[in-house]
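Trainee: Below is the file structure-v4.txt, with compact mmCIF, C-alpha atoms.
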# COMPACT_ATOMS: atom_id res chain seq x y z
CA MET X 753 -67.29 -34.28 -13.59
CA THR X 754 -65.95 -35.77 -16.80
CA ASN X 755 -69.14 -35.14 -18.73
CA LYS X 756 -68.93 -31.44 -17.92
CA HIS X 757 -65.57 -31.33 -19.66
CA ASP X 758 -66.72 -33.15 -22.79
CA LEU X 759 -65.22 -31.50 -25.88
CA ASN X 760 -67.77 -33.08 -28.22
CA LEU X 761 -65.18 -35.49 -29.61
CA ASP X 762 -65.10 -39.08 -28.42
CA LYS X 763 -62.76 -42.04 -28.65
CA LYS X 764 -64.83 -43.90 -31.26
CA GLU X 765 -64.70 -40.93 -33.65
CA VAL X 766 -60.91 -40.73 -33.46
CA GLU X 767 -60.54 -44.47 -34.03
CA LEU X 768 -62.93 -44.43 -37.01
CA LYS X 769 -61.26 -41.45 -38.66
CA ILE X 770 -57.74 -42.82 -38.22
CA SER X 771 -58.74 -46.32 -39.34
CA LYS X 772 -60.47 -44.98 -42.43
CA ASN X 773 -57.46 -42.87 -43.35
CA HIS X 774 -55.14 -45.91 -43.05
CA LYS X 775 -57.31 -47.90 -45.45
CA GLU X 776 -57.92 -45.13 -47.97
CA SER X 777 -54.80 -42.98 -47.74
CA ASN X 778 -54.84 -42.45 -51.52
CA LYS X 779 -58.10 -40.51 -51.27
CA ALA X 780 -56.55 -37.20 -50.31
CA GLN X 781 -59.66 -35.12 -50.85
CA GLU X 782 -61.82 -37.41 -48.74
CA THR X 783 -59.25 -37.40 -45.96
CA GLN X 784 -59.09 -33.62 -46.06
CA GLU X 785 -62.88 -33.37 -45.69
CA ILE X 786 -62.82 -35.80 -42.77
CA ILE X 787 -60.20 -33.73 -40.99
CA LYS X 788 -62.04 -30.45 -41.68
CA GLU X 789 -65.26 -31.87 -40.25
CA PHE X 790 -63.38 -33.39 -37.33
CA THR X 791 -61.62 -30.09 -36.57
CA LYS X 792 -64.87 -28.12 -36.79
CA LYS X 793 -66.48 -30.41 -34.21
CA TYR X 794 -63.41 -30.18 -32.00
CA ILE X 795 -63.32 -26.38 -32.02
CA GLU X 796 -67.08 -26.17 -31.47
CA GLY X 797 -66.63 -28.47 -28.51
CA ILE X 798 -63.94 -26.19 -27.09
CA GLN X 799 -66.15 -23.14 -27.55
CA ILE X 800 -69.04 -24.59 -25.55
CA ASN X 801 -66.87 -26.06 -22.83
CA GLY X 802 -67.64 -23.80 -19.89
CA LYS X 803 -64.75 -24.71 -17.62
CA ALA X 804 -62.08 -24.47 -20.29
CA GLU X 805 -63.55 -21.13 -21.37
CA ILE X 806 -63.55 -19.81 -17.80
CA LEU X 807 -59.82 -20.28 -17.27
CA LEU X 808 -58.85 -19.14 -20.76
CA GLU X 809 -61.08 -16.06 -20.87
CA ASN X 810 -60.22 -14.96 -17.34
CA LYS X 811 -56.51 -15.76 -17.50
CA GLN X 812 -55.44 -12.11 -17.23
CA ASN X 813 -57.59 -11.60 -14.13
CA LEU X 814 -56.23 -14.74 -12.51
CA LYS X 815 -52.69 -13.82 -13.48
CA GLU X 816 -53.04 -10.48 -11.68
CA ILE X 817 -54.25 -12.30 -8.56
CA GLU X 818 -51.27 -14.67 -8.73
CA GLU X 819 -48.70 -11.89 -9.24
CA GLY X 820 -50.07 -9.94 -6.29
CA SER X 821 -50.10 -12.92 -3.96
CA GLN X 822 -46.59 -14.30 -4.04
CA SER X 823 -45.88 -13.16 -0.47
CA ASP X 824 -49.42 -12.98 0.91
CA ALA X 825 -51.03 -16.23 2.05
CA SER X 826 -54.49 -14.66 2.28
CA GLU X 827 -54.32 -13.75 -1.43
CA GLN X 828 -53.42 -17.34 -2.26
CA ASN X 829 -56.57 -18.38 -0.44
CA GLU X 830 -58.56 -15.87 -2.52
CA LEU X 831 -57.17 -17.45 -5.68
CA VAL X 832 -58.25 -20.93 -4.59
CA GLU X 833 -61.69 -19.67 -3.64
CA GLU X 834 -62.03 -17.76 -6.93
CA ILE X 835 -61.21 -20.86 -8.97
CA ASN X 836 -63.55 -23.03 -6.93
CA ASP X 837 -66.36 -20.52 -7.42
CA GLN X 838 -65.77 -20.55 -11.16
CA LEU X 839 -65.76 -24.33 -11.34
CA GLY X 840 -68.94 -24.58 -9.26
CA ASP X 841 -69.55 -26.46 -6.04
CA PHE X 842 -67.98 -29.89 -5.89
CA GLN X 843 -70.68 -32.55 -6.14
CA PHE X 844 -70.32 -34.90 -3.22
CA ILE X 845 -71.89 -38.34 -3.61
CA GLU X 846 -72.51 -41.08 -1.11
CA ASP X 847 -69.93 -43.74 -1.85
CA SER X 848 -68.84 -45.04 1.54
CA SER X 849 -69.53 -48.59 2.64
CA ILE X 850 -69.76 -47.33 6.23
CA LYS X 851 -73.30 -46.64 7.42
CA GLU X 852 -74.22 -43.03 8.16
CA GLU X 853 -74.96 -43.74 11.82
CA GLN X 854 -71.38 -44.96 12.27
CA ARG X 855 -70.01 -41.56 11.24
CA GLU X 856 -70.10 -38.03 12.57
CA TYR X 857 -69.05 -34.57 11.40
CA VAL X 858 -66.04 -32.67 12.71
CA ILE X 859 -65.01 -29.08 12.05
CA ARG X 860 -61.38 -28.08 11.49
CA LEU X 861 -59.87 -31.27 12.82
CA PRO X 862 -56.10 -30.55 13.01
CA SER X 863 -53.64 -33.13 11.75
CA GLU X 864 -49.88 -33.58 11.57
CA GLY X 865 -48.08 -31.17 9.28
CA GLY X 866 -50.48 -28.25 9.66
CA PHE X 867 -53.37 -29.72 7.68
CA SER X 868 -56.97 -29.31 8.84
CA TYR X 869 -60.04 -31.38 7.97
CA THR X 870 -63.76 -30.67 8.04
CA GLY X 871 -66.11 -33.51 7.24
CA GLN X 872 -67.11 -37.02 8.19
CA VAL X 873 -65.09 -39.32 10.43
CA LEU X 874 -65.79 -42.63 12.13
CA LYS X 875 -67.58 -41.97 15.39
CA SER X 876 -65.34 -41.31 18.39
CA THR X 877 -62.23 -41.37 16.19
CA GLU X 878 -60.24 -39.05 13.93
CA VAL X 879 -60.35 -41.46 10.98
CA LYS X 880 -61.59 -39.64 7.87
CA GLU X 881 -64.50 -41.60 6.38
CA GLY X 882 -66.94 -40.15 3.84
CA LYS X 883 -67.32 -36.59 2.56
CA GLY X 884 -64.74 -34.03 3.58
CA VAL X 885 -62.64 -30.95 2.86
CA LEU X 886 -58.91 -31.02 3.59
CA LYS X 887 -56.97 -27.74 3.78
CA TYR X 888 -53.20 -27.59 3.33
CA PRO X 889 -50.80 -25.31 5.19
CA ASP X 890 -50.20 -23.41 1.92
CA LEU X 891 -54.03 -23.04 1.56
CA SER X 892 -54.45 -25.62 -1.20
CA VAL X 893 -57.79 -27.39 -0.74
CA PHE X 894 -59.09 -30.91 -1.48
CA TYR X 895 -62.82 -31.59 -1.72
CA GLY X 896 -63.75 -35.22 -1.91
CA HIS X 897 -64.35 -38.61 -0.38
CA PHE X 898 -62.22 -40.53 2.08
CA ASN X 899 -62.04 -44.15 3.07
CA ASN X 900 -59.98 -45.00 6.15
CA ASN X 901 -58.07 -41.68 5.90
CA ILE X 902 -57.33 -42.16 2.18
CA ALA X 903 -58.82 -40.02 -0.61
CA THR X 904 -60.86 -42.53 -2.58
CA GLY X 905 -63.30 -42.06 -5.46
CA SER X 906 -64.26 -38.64 -6.77
CA GLY X 907 -62.39 -35.55 -5.60
CA ARG X 908 -61.13 -32.08 -6.52
CA LEU X 909 -57.72 -30.72 -5.53
CA ILE X 910 -57.12 -26.98 -6.05
CA LEU X 911 -53.49 -26.08 -5.43
CA SER X 912 -52.48 -22.68 -4.10
CA THR X 913 -50.69 -22.15 -7.44
CA GLY X 914 -54.05 -22.28 -9.25
CA ASP X 915 -53.63 -25.76 -10.77
CA VAL X 916 -56.63 -28.09 -10.44
CA TYR X 917 -56.88 -31.88 -10.43
CA GLU X 918 -60.36 -33.39 -10.47
CA GLY X 919 -61.57 -36.90 -11.08
CA GLU X 920 -61.19 -40.39 -9.69
CA TRP X 921 -58.63 -40.93 -6.91
CA ARG X 922 -57.09 -44.23 -5.88
CA GLN X 923 -54.34 -45.39 -3.55
CA PHE X 924 -51.18 -46.97 -4.97
CA PRO X 925 -48.61 -48.17 -2.42
CA ASN X 926 -44.98 -47.21 -3.04
CA LEU X 927 -45.71 -44.33 -5.43
CA GLU X 928 -43.32 -41.51 -4.55
CA ASP X 929 -45.39 -38.65 -6.04
CA ILE X 930 -48.62 -39.37 -4.18
CA PHE X 931 -50.29 -36.18 -2.99
CA LYS X 932 -49.74 -36.04 0.75
CA PRO X 933 -51.71 -36.44 2.93
CA LEU X 934 -54.34 -37.73 0.48
CA LYS X 935 -52.28 -40.92 0.09
CA SER X 936 -53.76 -41.38 -3.39
CA ILE X 937 -53.49 -40.12 -6.95
CA LEU X 938 -55.61 -39.68 -10.10
CA HIS X 939 -56.48 -43.00 -11.71
CA GLY X 940 -59.35 -43.53 -14.16
CA GLN X 941 -61.22 -40.53 -15.56
CA GLY X 942 -59.93 -37.11 -14.61
CA THR X 943 -59.19 -33.52 -15.56
CA PHE X 944 -56.16 -31.29 -15.06
CA LEU X 945 -56.51 -27.50 -15.38
CA LYS X 946 -53.10 -25.84 -15.39
CA PHE X 947 -53.27 -22.28 -14.10
CA ILE X 948 -53.77 -19.97 -17.10
CA SER X 949 -51.96 -22.13 -19.60
CA GLY X 950 -53.37 -25.60 -20.17
CA TYR X 951 -56.16 -28.13 -19.90
CA TYR X 952 -56.41 -31.93 -20.13
CA THR X 953 -59.36 -34.24 -19.66
CA GLY X 954 -59.44 -37.97 -20.23
CA GLU X 955 -58.04 -41.21 -18.90
CA TRP X 956 -55.31 -41.49 -16.25
CA LYS X 957 -53.15 -44.32 -14.96
CA GLN X 958 -51.40 -43.86 -11.62
CA GLY X 959 -51.24 -40.09 -11.98
CA ARG X 960 -50.24 -39.98 -15.64
CA LYS X 961 -52.23 -39.34 -18.81
CA HIS X 962 -52.86 -42.80 -20.20
CA GLY X 963 -55.50 -43.86 -22.72
CA PHE X 964 -57.77 -41.48 -24.60
CA GLY X 965 -57.66 -37.77 -23.78
CA LYS X 966 -58.17 -34.23 -25.02
CA GLU X 967 -55.75 -31.40 -24.34
CA ILE X 968 -55.35 -27.64 -24.86
CA PHE X 969 -51.76 -26.39 -24.76
CA GLU X 970 -50.28 -23.09 -23.62
CA ASP X 971 -49.93 -21.80 -27.18
CA GLY X 972 -53.60 -22.54 -27.95
CA SER X 973 -53.03 -25.70 -29.98
CA GLN X 974 -55.36 -28.63 -29.27
CA TYR X 975 -54.93 -32.41 -29.35
CA SER X 976 -57.43 -35.25 -29.18
CA GLY X 977 -56.11 -38.79 -29.18
CA TYR X 978 -54.16 -41.39 -27.25
CA TYR X 979 -51.54 -41.18 -24.51
CA GLU X 980 -49.22 -43.71 -22.94
CA GLU X 981 -47.45 -43.09 -19.62
CA GLY X 982 -48.01 -39.35 -19.96
CA GLU X 983 -46.92 -39.02 -23.59
CA MET X 984 -48.92 -38.74 -26.82
CA THR X 985 -48.63 -42.03 -28.70
CA GLY X 986 -49.21 -40.52 -32.12
CA ASP X 987 -52.78 -41.70 -32.76
CA GLY X 988 -54.93 -38.58 -32.81
CA ILE X 989 -55.57 -35.13 -34.24
CA MET X 990 -53.53 -32.01 -33.46
CA VAL X 991 -54.96 -28.58 -34.31
CA LYS X 992 -52.14 -26.04 -34.08
CA SER X 993 -52.62 -22.47 -32.88
CA ASP X 994 -52.28 -21.18 -36.46
CA GLY X 995 -55.15 -23.44 -37.59
CA GLN X 996 -52.95 -26.07 -39.23
CA VAL X 997 -54.27 -29.60 -38.73
CA VAL X 998 -51.87 -32.46 -38.12
CA GLN X 999 -53.25 -35.98 -38.28
CA MET X 1000 -50.99 -38.06 -36.07
CA LEU X 1001 -50.61 -41.74 -36.92
CA ASN X 1002 -48.67 -44.68 -35.49
CA ASN X 1003 -45.03 -44.07 -34.62
CA ASN X 1004 -45.71 -40.31 -34.58
CA SER X 1005 -45.80 -40.01 -38.38
CA THR X 1006 -47.99 -37.11 -39.50
CA ILE X 1007 -50.06 -35.84 -42.40
CA ASN X 1008 -50.26 -32.04 -42.53
CA LYS X 1009 -53.39 -30.33 -43.76
CA GLN X 1010 -54.15 -26.62 -44.04
Turn the structure described in the file into structure tokens.
Mentor:
Amino acid sequence: MTNKHDLNLDKKEVELKISKNHKESNKAQETQEIIKEFTKKYIEGIQINGKAEILLENKQNLKEIEEGSQSDASEQNELVEEINDQLGDFQFIEDSSIKEEQREYVIRLPSEGGFSYTGQVLKSTEVKEGKGVLKYPDLSVFYGHFNNNIATGSGRLILSTGDVYEGEWRQFPNLEDIFKPLKSILHGQGTFLKFISGYYTGEWKQGRKHGFGKEIFEDGSQYSGYYEEGEMTGDGIMVKSDGQVVQMLNNNSTINKQ
């Protein structure tokens, strides 16, 4: 999943550019050329990124669906299905330690709270184990892998609001904001597509952006760099919606370039 979201700009490039600028800050012209080249690659990466393009180019169409579905559950379902179609079928992989012959398929297994599950369970039980699709009462849908009833490994959650979380899922006891009933949260590599207005792909730690990531904001500005506990740390490149480039350094100091 992560590779499909690659914006043609990796962690090593950011580190090299920032490091070089620290050492040779007096070479303004050279720094400007580095940033121009860096920005060009970033924007080219955005332009060829299919999934980011899909949500940005079709935002008016999706907005009309959302506005017309506030009081109609069936329309919410259409929105989820539309987004899933645009993203492409979720790629299930075999990642369970339980042998295939110890599992069986169930269809629309009901569970507490109005959820329903279609997929693999341990034989003669209702314990989710393996590949499955979990539908929420509000028609949000999770496609992914389960281990002992817990979403584990790769998965895609499409909320009825149109927001999408996709990536690596892991259980963390005592976290209050765990997606119920998945009992887990994004941790590792993952992507967040905010309905109409935003996009992030990169590293996560217990449900928060943490490490290296790339982000498109609601106003069209773009950032590639580091995050800590959900916040930009200041080491990266920001391309504003008006084309202005801001090289962000330690402690959030910046160098502005046109």
Trainee: Quick one: residues within 10 Å of stretch 932-944 of chain X, all atoms listed in the file, excluding same-chain residues fewer than 6 positions away - as an MDAnalysis selection string?
Mentor: chainID X and resid 753:754 757 863:865 867 886 888 894 898 901:909 915:925 950:967
Trainee: From (-51.7, -37.9, -36.0), in the file's coordinates, out to 6 Å: which residues are reached, counting only C-alpha atoms? Answer as a PDB file with C-alpha atoms, in the coordinates of the input.
Mentor:
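The resulting file, point_4.pdb, is reproduced below:
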ATOM      1  CA  GLY X 986     -49.210 -40.520 -32.120  1.00  0.00           C
ATOM      2  CA  ASP X 987     -52.780 -41.700 -32.760  1.00  0.00           C
ATOM      3  CA  GLY X 988     -54.930 -38.580 -32.810  1.00  0.00           C
ATOM      4  CA  ILE X 989     -55.570 -35.130 -34.240  1.00  0.00           C
ATOM      5  CA  VAL X 998     -51.870 -32.460 -38.120  1.00  0.00           C
ATOM      6  CA  GLN X 999     -53.250 -35.980 -38.280  1.00  0.00           C
ATOM      7  CA  MET X1000     -50.990 -38.060 -36.070  1.00  0.00           C
ATOM      8  CA  LEU X1001     -50.610 -41.740 -36.920  1.00  0.00           C
ATOM      9  CA  THR X1006     -47.990 -37.110 -39.500  1.00  0.00           C
TER      10      THR X1006
END
Trainee: Calculated over all atoms listed in the file, which of the candidates X:Gln854, X:Asn926, X:Ser868, X:Gln843 has the smallest distance to X:Tyr895?
Mentor: X:Gln843
Trainee: In Å, how far is it from atom CA of X:Glu834 to atom CA of X:Ile948?
Mentor: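 Interatomic distance here is 13.3 Å.
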Trainee: Quick one: pull the distance between atom CA of X:Glu833 and atom CA of X:Phe931, Å, one decimal.
Mentor: 20.1 Å
Trainee: Quick check, in Å to one decimal: how far apart do atom CA of X:Val879 and atom CA of X:Ile910 lie?
Mentor: 22.6 Å
Trainee: Find the axis-aligned box for stretch 955-959 of chain X, covering all its listed atoms and adding 6 Å on each side, and write its centre and edge lengths in Å to one decimal as AutoDock Vina command-line options.
Mentor:
--center_x -54.6 --center_y -42.2 --center_z -15.3 --size_x 18.8 --size_y 16.2 --size_z 19.3
Trainee: Let me make sure I understand: among X:Ser973, X:Thr913, X:Ser949, X:Asn899, which one has the smallest atom-to-atom distance to X:Ser849 if we use all atoms listed in the file?
Mentor: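 Smallest distance to X:Ser849 is found for X:Asn899.
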